[in-house]
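Before any comments, here is the structure.
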Amino acid sequence: MANSGIELETNGGSKHWDSDSQPNASIPISTVALPPASNFHCAFQKIAHSVKIVIFTAKINVLLPFGPASIILHYLTNHHGVVFLCSLLGIIPLAERLGYATEQMAAYTGPTVGGLLNATFGNATEMIIAIYALKNGMIRVVQQSLLGSILSNMLLVLGCSFFAGGIVHYDKKEQVFNKGTAVVNSGLLLMAVMGLSFPAVLHFTHSEVRYGKSEVALSRFSSCIMLVAYGSYLFFQLSGRESSQYSRIDSQEGSDSDIQRQSQSQNSAEPEDEEEEPEIGLWESVAWLALLTLWVSILSEYLVNAIQGASESFNLPVAFISVILLPIVGNAAEHASAVMFAMKDKLDITLGVAIGSSTQISMFVIPFCVVVGWMMKKNMDLNFQLFETATLFITVLVVAFMVQDGTANYLKGLMLVLCYLIVAASFFVHVDPSSSDD
């Protein structure tokens with residue numbers, strides 16, 4: 001019988017290992033050089049595993065083909081309404097996967113950097129769509145789409161979450177959450193309303209020093225101040241002082257039963273958080289984040305270009321499409337996650353998605369777009385017109401009153417959803433006075 005053996009390449013030369021004898025114990029395993037084919041096979045397996053998790057695990061990814069379909073239809077047909085719908089549906093799974101990739105990356109970077117990543121990429125889809133619209137000079141679309149994201153998060157998302165959580169936990173009468181966080185976010189939203197109100201009032205009272213220029217200058221100054229305020233809020237939030245400060249508020253003003261229920265929910269959630277491990281590697285997360293952002297950017301261009309045609313095809317006002325349709329469909333995955341957390345009695349996470357996202361758009365995304373427009377030499381300002389500004393102001397007041405006591409039930413949720421229906425009907429019959437100016 002022929003003697004078979006294995007030739008091992010080491011740093012000290014080649015060693016022969018006879019199959020009938022034991023390997024030379026002096027050969028260090030770490031010095032064994034794997035064949036290039038094995039390295040390629042391992043890399044291929046890693047990529048395949050990453051693609052399987054990111055692309056094929058989430059059921060919402062069945063909507064991914066609508067993205068390429070929108071591009072094909074753009075060049076083959078003149079049906080802007082169909083292109084608009086396909087682009088919207090194609091962006092839904094991309095927005096959800098962007099959030100997933102950000103969470104995976106945050107697991108490796110720690111809580112502080114992870115919080116900054118979530119703050120940056122949490123509304124990446126809205127930012128990309130807004131920048132493309134701003135590039136095309138569609139300032140009103142930028143303003144109305146960002147306003148619509150705030151309104152849908154505060155009324156529709158929060159309302160559906162309170163309603164679903166109240167129905168599932170009907171026996172508890174009320175669910176509780178950290179009202180300190182809600183109070184601070186409400187204060188930031190009121191500051192955003194103030195920043196949006198003064199340019200509009202300055203314009204409509206005709207009290208500008210330089211007509212048409214003072215409101216832009218005021219908007220740019222206010223945007224810089226709002227960015228500083230949001231940066232201070234992030235530092236305060238990520239420095240670890242927020243939780244102790246807010247728990248002190250709850251302990252002084254909340255009832256003992258509420259505190260007991262909060263501690264029970266926190267204790268039950270801690271093991272789940274400790275068991276969570278990232279499913280993909282750090283550099284895989286970075287690669288997916290870059291790839292998904294690029295694909296969202298491509299689809300956003302076709303989406304923005306089809307808005308006017310879709311308005312004519314569906315016989316809908318551009319304001320209704322920008323304020324109602326874009327935010328609802330674009331944030332569908334985020335909305336669903338907020339409702340699911342409320343059904344699991346994790347309302348603090350729900351408020352972070354709903355009110356926290358609204359705070360981020362009003363205090364970061366909108367001022368950021370003003371600064372970007374400044375660099376693009378576009379007159380993007382904070383004058384959202386009186387109708388939109390009044391709608392935002394009333395919405396912030398309604399939500400602030402709803403969350404001030406730190407409790408939620410199905411009745412509050414139903415009231416918020418009904419308020420959103422009134423807002424949607426208002427924009428359906430609203431004619432934008434400055435649409436002809438863009």
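Here's how to read the names in the structure tokens: chain A, B, ... by the order shown, residue numbers from 1 in each chain, ligand numbers from 1 in the order shown.
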*So which residues touch segment 387-397 of chain A within 8 Å, counting only C-alpha atoms, skipping near sequence neighbours fewer than 3 positions away, as a PyMOL selection string?*
chain A and resi 144+147+151+154-155+186+189-190+193+196-197+200+384+400-401+423
Can I get the selected residues back with all heavy atoms, as a CSV table (one decimal), in the first residue's frame?
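The result, written out as again_3.csv:
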chain,number,residue,atom,x,y,z
A,144,GLN,N,-41.9,70.8,3.2
A,144,GLN,CA,-43.1,70.0,3.5
A,144,GLN,C,-42.9,68.6,3.8
A,144,GLN,O,-43.5,68.0,4.6
A,144,GLN,CB,-44.1,70.2,2.3
A,144,GLN,CG,-44.7,71.6,2.1
A,144,GLN,CD,-45.4,71.8,0.9
A,144,GLN,OE1,-45.3,71.0,-0.1
A,144,GLN,NE2,-46.3,72.8,0.8
A,147,LEU,N,-41.5,68.5,7.3
A,147,LEU,CA,-42.6,68.8,8.2
A,147,LEU,C,-43.6,67.6,8.3
A,147,LEU,O,-44.0,67.3,9.4
A,147,LEU,CB,-43.4,70.0,7.7
A,147,LEU,CG,-44.7,70.3,8.4
A,147,LEU,CD1,-44.5,70.9,9.8
A,147,LEU,CD2,-45.6,71.3,7.6
A,151,LEU,N,-44.9,65.5,11.7
A,151,LEU,CA,-46.3,65.3,12.0
A,151,LEU,C,-46.7,63.9,12.1
A,151,LEU,O,-47.4,63.4,13.0
A,151,LEU,CB,-47.1,66.0,10.9
A,151,LEU,CG,-47.0,67.6,10.9
A,151,LEU,CD1,-47.9,68.1,9.7
A,151,LEU,CD2,-47.4,68.2,12.2
A,154,MET,N,-45.2,62.2,15.3
A,154,MET,CA,-45.8,62.7,16.6
A,154,MET,C,-47.3,62.3,16.7
A,154,MET,O,-47.7,62.0,17.8
A,154,MET,CB,-45.6,64.2,16.7
A,154,MET,CG,-44.2,64.7,16.8
A,154,MET,SD,-44.1,66.5,17.1
A,154,MET,CE,-44.8,66.6,18.7
A,155,LEU,N,-48.0,62.3,15.6
A,155,LEU,CA,-49.4,62.0,15.7
A,155,LEU,C,-49.7,60.5,15.3
A,155,LEU,O,-50.3,59.8,16.0
A,155,LEU,CB,-50.2,63.0,14.8
A,155,LEU,CG,-50.2,64.4,15.2
A,155,LEU,CD1,-50.9,65.3,14.2
A,155,LEU,CD2,-50.8,64.6,16.6
A,186,SER,N,-40.1,67.5,24.3
A,186,SER,CA,-41.2,68.5,24.0
A,186,SER,C,-40.6,70.0,24.1
A,186,SER,O,-41.0,70.8,23.3
A,186,SER,CB,-42.3,68.4,25.0
A,186,SER,OG,-42.9,67.1,25.0
A,189,LEU,N,-38.8,70.5,20.8
A,189,LEU,CA,-39.7,70.7,19.8
A,189,LEU,C,-40.3,72.1,19.8
A,189,LEU,O,-40.5,72.8,18.8
A,189,LEU,CB,-40.8,69.7,19.8
A,189,LEU,CG,-40.4,68.3,19.4
A,189,LEU,CD1,-41.5,67.3,19.8
A,189,LEU,CD2,-40.2,68.2,17.9
A,190,LEU,N,-40.6,72.6,21.0
A,190,LEU,CA,-41.1,74.0,21.1
A,190,LEU,C,-40.1,75.0,20.7
A,190,LEU,O,-40.4,76.1,20.1
A,190,LEU,CB,-41.6,74.3,22.6
A,190,LEU,CG,-42.9,73.7,23.0
A,190,LEU,CD1,-43.1,73.8,24.5
A,190,LEU,CD2,-44.1,74.3,22.2
A,193,VAL,N,-40.2,75.1,17.0
A,193,VAL,CA,-41.4,75.9,16.6
A,193,VAL,C,-41.0,77.4,16.6
A,193,VAL,O,-41.4,78.1,15.7
A,193,VAL,CB,-42.6,75.5,17.4
A,193,VAL,CG1,-43.7,76.5,17.1
A,193,VAL,CG2,-43.1,74.1,17.2
A,196,LEU,N,-38.9,78.3,13.7
A,196,LEU,CA,-39.7,78.3,12.4
A,196,LEU,C,-40.7,79.5,12.4
A,196,LEU,O,-41.1,79.9,11.3
A,196,LEU,CB,-40.4,77.0,12.2
A,196,LEU,CG,-39.6,75.7,12.1
A,196,LEU,CD1,-40.5,74.5,11.9
A,196,LEU,CD2,-38.6,75.8,10.9
A,197,SER,N,-41.1,79.9,13.5
A,197,SER,CA,-42.2,80.9,13.6
A,197,SER,C,-41.7,82.3,13.2
A,197,SER,O,-42.3,83.0,12.5
A,197,SER,CB,-42.8,81.0,15.0
A,197,SER,OG,-43.4,79.7,15.3
A,200,ALA,N,-41.4,83.3,9.5
A,200,ALA,CA,-42.7,83.4,8.9
A,200,ALA,C,-43.4,84.6,9.3
A,200,ALA,O,-44.0,85.4,8.5
A,200,ALA,CB,-43.5,82.1,9.3
A,384,PHE,N,-41.7,78.4,6.8
A,384,PHE,CA,-42.5,77.2,6.3
A,384,PHE,C,-44.0,77.7,5.9
A,384,PHE,O,-44.8,76.8,5.7
A,384,PHE,CB,-42.6,76.1,7.3
A,384,PHE,CG,-41.4,75.2,7.3
A,384,PHE,CD1,-40.1,75.7,7.2
A,384,PHE,CD2,-41.5,73.9,7.4
A,384,PHE,CE1,-39.0,74.9,7.2
A,384,PHE,CE2,-40.4,73.0,7.4
A,384,PHE,CZ,-39.1,73.6,7.3
A,400,ALA,N,-47.4,67.4,23.6
A,400,ALA,CA,-46.9,67.7,24.9
A,400,ALA,C,-47.8,67.5,26.1
A,400,ALA,O,-47.5,67.0,27.1
A,400,ALA,CB,-46.4,69.2,24.9
A,401,PHE,N,-49.1,67.9,25.8
A,401,PHE,CA,-50.1,67.6,26.9
A,401,PHE,C,-50.4,66.1,27.0
A,401,PHE,O,-50.7,65.7,28.1
A,401,PHE,CB,-51.4,68.4,26.5
A,401,PHE,CG,-51.4,69.8,26.9
A,401,PHE,CD1,-51.4,70.8,26.0
A,401,PHE,CD2,-51.5,70.2,28.3
A,401,PHE,CE1,-51.3,72.2,26.3
A,401,PHE,CE2,-51.5,71.5,28.6
A,401,PHE,CZ,-51.4,72.5,27.7
A,423,VAL,N,-55.3,66.7,10.2
A,423,VAL,CA,-54.2,67.3,9.5
A,423,VAL,C,-54.1,66.8,8.0
A,423,VAL,O,-53.9,67.7,7.1
A,423,VAL,CB,-52.9,67.0,10.2
A,423,VAL,CG1,-51.7,67.4,9.4
A,423,VAL,CG2,-52.9,67.6,11.6
*Select from segment 133-378 of chain A everything DSSP, run on the backbone, classes as alpha helix (DSSP H), then give the selection as a PyMOL selection string.*
chain A and resi 133-135+139-151+158-168+179-204+214-238+241-253+256-275+282-305+307-314+318-320+326-330+332-343+347-360+366-375
*Find the residues around segment 313-317 of chain A up to 12 Å (only C-alpha atoms counted), leave out those fewer than 2 positions away in its own chain, and share them as JSON, numbers by chain.*
{"A": [78, 79, 80, 81, 82, 83, 84, 85, 141, 144, 306, 307, 308, 309, 310, 311, 319, 320, 321, 322, 323, 324, 325, 424, 425, 426, 427, 428, 429, 430, 431, 432, 433, 435]}
Near segment 156-165 of chain A, counting only C-alpha atoms, which residues have an atom at most 9 Å away, once you skip same-chain residues fewer than 4 positions from it, shown as a PDB file with N, CA and C atoms, in the first residue's frame?
ATOM      1  N   LEU A 151     -44.872  65.516  11.698  1.00  0.00           N
ATOM      2  CA  LEU A 151     -46.289  65.325  12.006  1.00  0.00           C
ATOM      3  C   LEU A 151     -46.660  63.853  12.070  1.00  0.00           C
ATOM      4  N   SER A 152     -46.163  63.045  11.132  1.00  0.00           N
ATOM      5  CA  SER A 152     -46.516  61.617  11.131  1.00  0.00           C
ATOM      6  C   SER A 152     -45.921  60.897  12.331  1.00  0.00           C
ATOM      7  N   HIS A 169     -52.448  45.594  26.282  1.00  0.00           N
ATOM      8  CA  HIS A 169     -52.313  45.616  27.748  1.00  0.00           C
ATOM      9  C   HIS A 169     -53.537  46.292  28.373  1.00  0.00           C
ATOM     10  N   TYR A 170     -54.705  45.897  27.918  1.00  0.00           N
ATOM     11  CA  TYR A 170     -55.951  46.510  28.389  1.00  0.00           C
ATOM     12  C   TYR A 170     -56.159  46.287  29.887  1.00  0.00           C
ATOM     13  N   GLN A 175     -50.210  52.222  30.482  1.00  0.00           N
ATOM     14  CA  GLN A 175     -48.787  51.922  30.385  1.00  0.00           C
ATOM     15  C   GLN A 175     -48.002  53.143  30.848  1.00  0.00           C
ATOM     16  N   ILE A 328     -45.293  58.810   5.339  1.00  0.00           N
ATOM     17  CA  ILE A 328     -45.937  57.550   5.740  1.00  0.00           C
ATOM     18  C   ILE A 328     -45.236  56.361   5.114  1.00  0.00           C
ATOM     19  N   GLU A 334     -39.980  51.982  10.216  1.00  0.00           N
ATOM     20  CA  GLU A 334     -39.762  52.596  11.530  1.00  0.00           C
ATOM     21  C   GLU A 334     -41.060  52.671  12.314  1.00  0.00           C
ATOM     22  N   HIS A 335     -42.166  52.972  11.625  1.00  0.00           N
ATOM     23  CA  HIS A 335     -43.474  53.035  12.277  1.00  0.00           C
ATOM     24  C   HIS A 335     -43.854  51.673  12.847  1.00  0.00           C
ATOM     25  N   ALA A 336     -43.634  50.625  12.060  1.00  0.00           N
ATOM     26  CA  ALA A 336     -43.995  49.281  12.505  1.00  0.00           C
ATOM     27  C   ALA A 336     -43.195  48.874  13.738  1.00  0.00           C
ATOM     28  N   ALA A 338     -41.992  50.853  16.055  1.00  0.00           N
ATOM     29  CA  ALA A 338     -42.486  51.600  17.218  1.00  0.00           C
ATOM     30  C   ALA A 338     -43.745  50.951  17.782  1.00  0.00           C
ATOM     31  N   VAL A 339     -44.642  50.524  16.907  1.00  0.00           N
ATOM     32  CA  VAL A 339     -45.869  49.862  17.363  1.00  0.00           C
ATOM     33  C   VAL A 339     -45.545  48.538  18.042  1.00  0.00           C
ATOM     34  N   MET A 340     -44.593  47.794  17.497  1.00  0.00           N
ATOM     35  CA  MET A 340     -44.218  46.505  18.094  1.00  0.00           C
ATOM     36  C   MET A 340     -43.645  46.684  19.486  1.00  0.00           C
ATOM     37  N   PHE A 341     -42.812  47.698  19.674  1.00  0.00           N
ATOM     38  CA  PHE A 341     -42.246  47.946  21.002  1.00  0.00           C
ATOM     39  C   PHE A 341     -43.338  48.340  21.992  1.00  0.00           C
ATOM     40  N   ALA A 342     -44.325  49.099  21.546  1.00  0.00           N
ATOM     41  CA  ALA A 342     -45.427  49.468  22.433  1.00  0.00           C
ATOM     42  C   ALA A 342     -46.238  48.237  22.837  1.00  0.00           C
ATOM     43  N   MET A 343     -46.419  47.310  21.918  1.00  0.00           N
ATOM     44  CA  MET A 343     -47.146  46.077  22.234  1.00  0.00           C
ATOM     45  C   MET A 343     -46.366  45.202  23.198  1.00  0.00           C
ATOM     46  N   LYS A 344     -45.030  45.357  23.222  1.00  0.00           N
ATOM     47  CA  LYS A 344     -44.186  44.625  24.174  1.00  0.00           C
ATOM     48  C   LYS A 344     -44.005  45.392  25.487  1.00  0.00           C
ATOM     49  N   ASP A 345     -44.753  46.498  25.653  1.00  0.00           N
ATOM     50  CA  ASP A 345     -44.697  47.325  26.857  1.00  0.00           C
ATOM     51  C   ASP A 345     -43.317  47.967  27.040  1.00  0.00           C
ATOM     52  N   LEU A 347     -42.420  51.275  26.107  1.00  0.00           N
ATOM     53  CA  LEU A 347     -42.822  52.577  25.582  1.00  0.00           C
ATOM     54  C   LEU A 347     -41.674  53.572  25.522  1.00  0.00           C
ATOM     55  N   THR A 350     -40.404  53.236  22.174  1.00  0.00           N
ATOM     56  CA  THR A 350     -41.389  53.801  21.250  1.00  0.00           C
ATOM     57  C   THR A 350     -41.292  55.323  21.199  1.00  0.00           C
ATOM     58  N   LEU A 351     -41.166  55.959  22.359  1.00  0.00           N
ATOM     59  CA  LEU A 351     -41.023  57.413  22.384  1.00  0.00           C
ATOM     60  C   LEU A 351     -39.713  57.855  21.748  1.00  0.00           C
ATOM     61  N   VAL A 353     -38.344  56.417  19.213  1.00  0.00           N
ATOM     62  CA  VAL A 353     -38.560  56.348  17.770  1.00  0.00           C
ATOM     63  C   VAL A 353     -39.448  57.487  17.295  1.00  0.00           C
ATOM     64  N   ALA A 354     -40.535  57.729  17.997  1.00  0.00           N
ATOM     65  CA  ALA A 354     -41.535  58.709  17.546  1.00  0.00           C
ATOM     66  C   ALA A 354     -41.125  60.145  17.865  1.00  0.00           C
ATOM     67  N   ILE A 355     -41.129  60.496  19.149  1.00  0.00           N
ATOM     68  CA  ILE A 355     -40.805  61.878  19.529  1.00  0.00           C
ATOM     69  C   ILE A 355     -39.316  62.167  19.326  1.00  0.00           C
ATOM     70  N   VAL A 399     -49.339  67.018  21.581  1.00  0.00           N
ATOM     71  CA  VAL A 399     -48.514  65.887  22.019  1.00  0.00           C
ATOM     72  C   VAL A 399     -47.883  66.168  23.375  1.00  0.00           C
ATOM     73  N   ALA A 408     -49.787  56.190  29.175  1.00  0.00           N
ATOM     74  CA  ALA A 408     -50.383  56.015  27.846  1.00  0.00           C
ATOM     75  C   ALA A 408     -51.515  55.012  27.932  1.00  0.00           C
ATOM     76  N   ASN A 409     -52.539  55.215  27.114  1.00  0.00           N
ATOM     77  CA  ASN A 409     -53.648  54.269  27.000  1.00  0.00           C
ATOM     78  C   ASN A 409     -54.222  54.359  25.591  1.00  0.00           C
ATOM     79  N   TYR A 410     -55.177  53.470  25.303  1.00  0.00           N
ATOM     80  CA  TYR A 410     -55.701  53.409  23.948  1.00  0.00           C
ATOM     81  C   TYR A 410     -56.490  54.660  23.565  1.00  0.00           C
ATOM     82  N   LEU A 411     -57.081  55.351  24.553  1.00  0.00           N
ATOM     83  CA  LEU A 411     -57.845  56.560  24.251  1.00  0.00           C
ATOM     84  C   LEU A 411     -56.928  57.679  23.756  1.00  0.00           C
ATOM     85  N   LYS A 412     -55.781  57.855  24.427  1.00  0.00           N
ATOM     86  CA  LYS A 412     -54.822  58.856  23.964  1.00  0.00           C
ATOM     87  C   LYS A 412     -54.354  58.540  22.547  1.00  0.00           C
ATOM     88  N   GLY A 413     -54.094  57.260  22.290  1.00  0.00           N
ATOM     89  CA  GLY A 413     -53.665  56.870  20.954  1.00  0.00           C
ATOM     90  C   GLY A 413     -54.710  57.165  19.903  1.00  0.00           C
ATOM     91  N   LEU A 414     -55.953  56.864  20.214  1.00  0.00           N
ATOM     92  CA  LEU A 414     -57.039  57.119  19.270  1.00  0.00           C
ATOM     93  C   LEU A 414     -57.174  58.616  18.988  1.00  0.00           C
ATOM     94  N   MET A 415     -57.039  59.441  20.019  1.00  0.00           N
ATOM     95  CA  MET A 415     -57.142  60.888  19.837  1.00  0.00           C
ATOM     96  C   MET A 415     -56.026  61.411  18.940  1.00  0.00           C
ATOM     97  N   LEU A 416     -54.802  60.893  19.108  1.00  0.00           N
ATOM     98  CA  LEU A 416     -53.687  61.331  18.269  1.00  0.00           C
ATOM     99  C   LEU A 416     -53.890  60.931  16.815  1.00  0.00           C
ATOM    100  N   VAL A 417     -54.379  59.712  16.577  1.00  0.00           N
ATOM    101  CA  VAL A 417     -54.632  59.267  15.199  1.00  0.00           C
ATOM    102  C   VAL A 417     -55.720  60.119  14.553  1.00  0.00           C
ATOM    103  N   LEU A 418     -56.775  60.433  15.305  1.00  0.00           N
ATOM    104  CA  LEU A 418     -57.848  61.273  14.766  1.00  0.00           C
ATOM    105  C   LEU A 418     -57.332  62.685  14.459  1.00  0.00           C
ATOM    106  N   CYS A 419     -56.439  63.195  15.284  1.00  0.00           N
ATOM    107  CA  CYS A 419     -55.827  64.494  14.992  1.00  0.00           C
ATOM    108  C   CYS A 419     -55.040  64.445  13.683  1.00  0.00           C
ATOM    109  N   TYR A 420     -54.352  63.326  13.460  1.00  0.00           N
ATOM    110  CA  TYR A 420     -53.589  63.198  12.208  1.00  0.00           C
ATOM    111  C   TYR A 420     -54.517  63.167  10.994  1.00  0.00           C
ATOM    112  N   LEU A 421     -55.679  62.536  11.128  1.00  0.00           N
ATOM    113  CA  LEU A 421     -56.640  62.521  10.026  1.00  0.00           C
ATOM    114  C   LEU A 421     -57.119  63.937   9.699  1.00  0.00           C
TER     115      LEU A 421
END
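Here atom CA of Leu218 of chain A stands at a distance of 11.0 Å from atom CA of Val370 of chain A.
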Tell me, as a short mmCIF file (atom, residue, chain, number, x, y, z; two decimals) with C-alpha atoms, in the first residue's frame, which residues lie within 7 Å of segment 126-129 of chain A, counting only C-alpha atoms; anything in the same chain fewer than 4 positions away does not count.
data_model
loop_
_atom_site.label_atom_id
_atom_site.label_comp_id
_atom_site.auth_asym_id
_atom_site.auth_seq_id
_atom_site.Cartn_x
_atom_site.Cartn_y
_atom_site.Cartn_z
CA ALA A 133 -34.94 68.06 -3.81
CA SER A 297 -29.42 58.21 -3.10
CA SER A 300 -34.23 59.40 -4.24
CA VAL A 365 -32.18 67.78 9.75
#
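Restricting the calculation to only C-alpha atoms, the smallest distance between Gly90 of chain A and any of A:Phe44, A:Tyr132, A:Tyr75, A:Phe66 is found for A:Phe66.
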*So, counting only C-alpha atoms, which residue among A:Pro93, A:Gly99, A:Met105, A:Lys179 is closest to Ala287 of chain A?*
A:Met105
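In this comparison, which uses only C-alpha atoms, the residue of A:Val183, A:Ala290, A:His206, A:Val372 approaching Met402 of chain A most closely is A:Val183.
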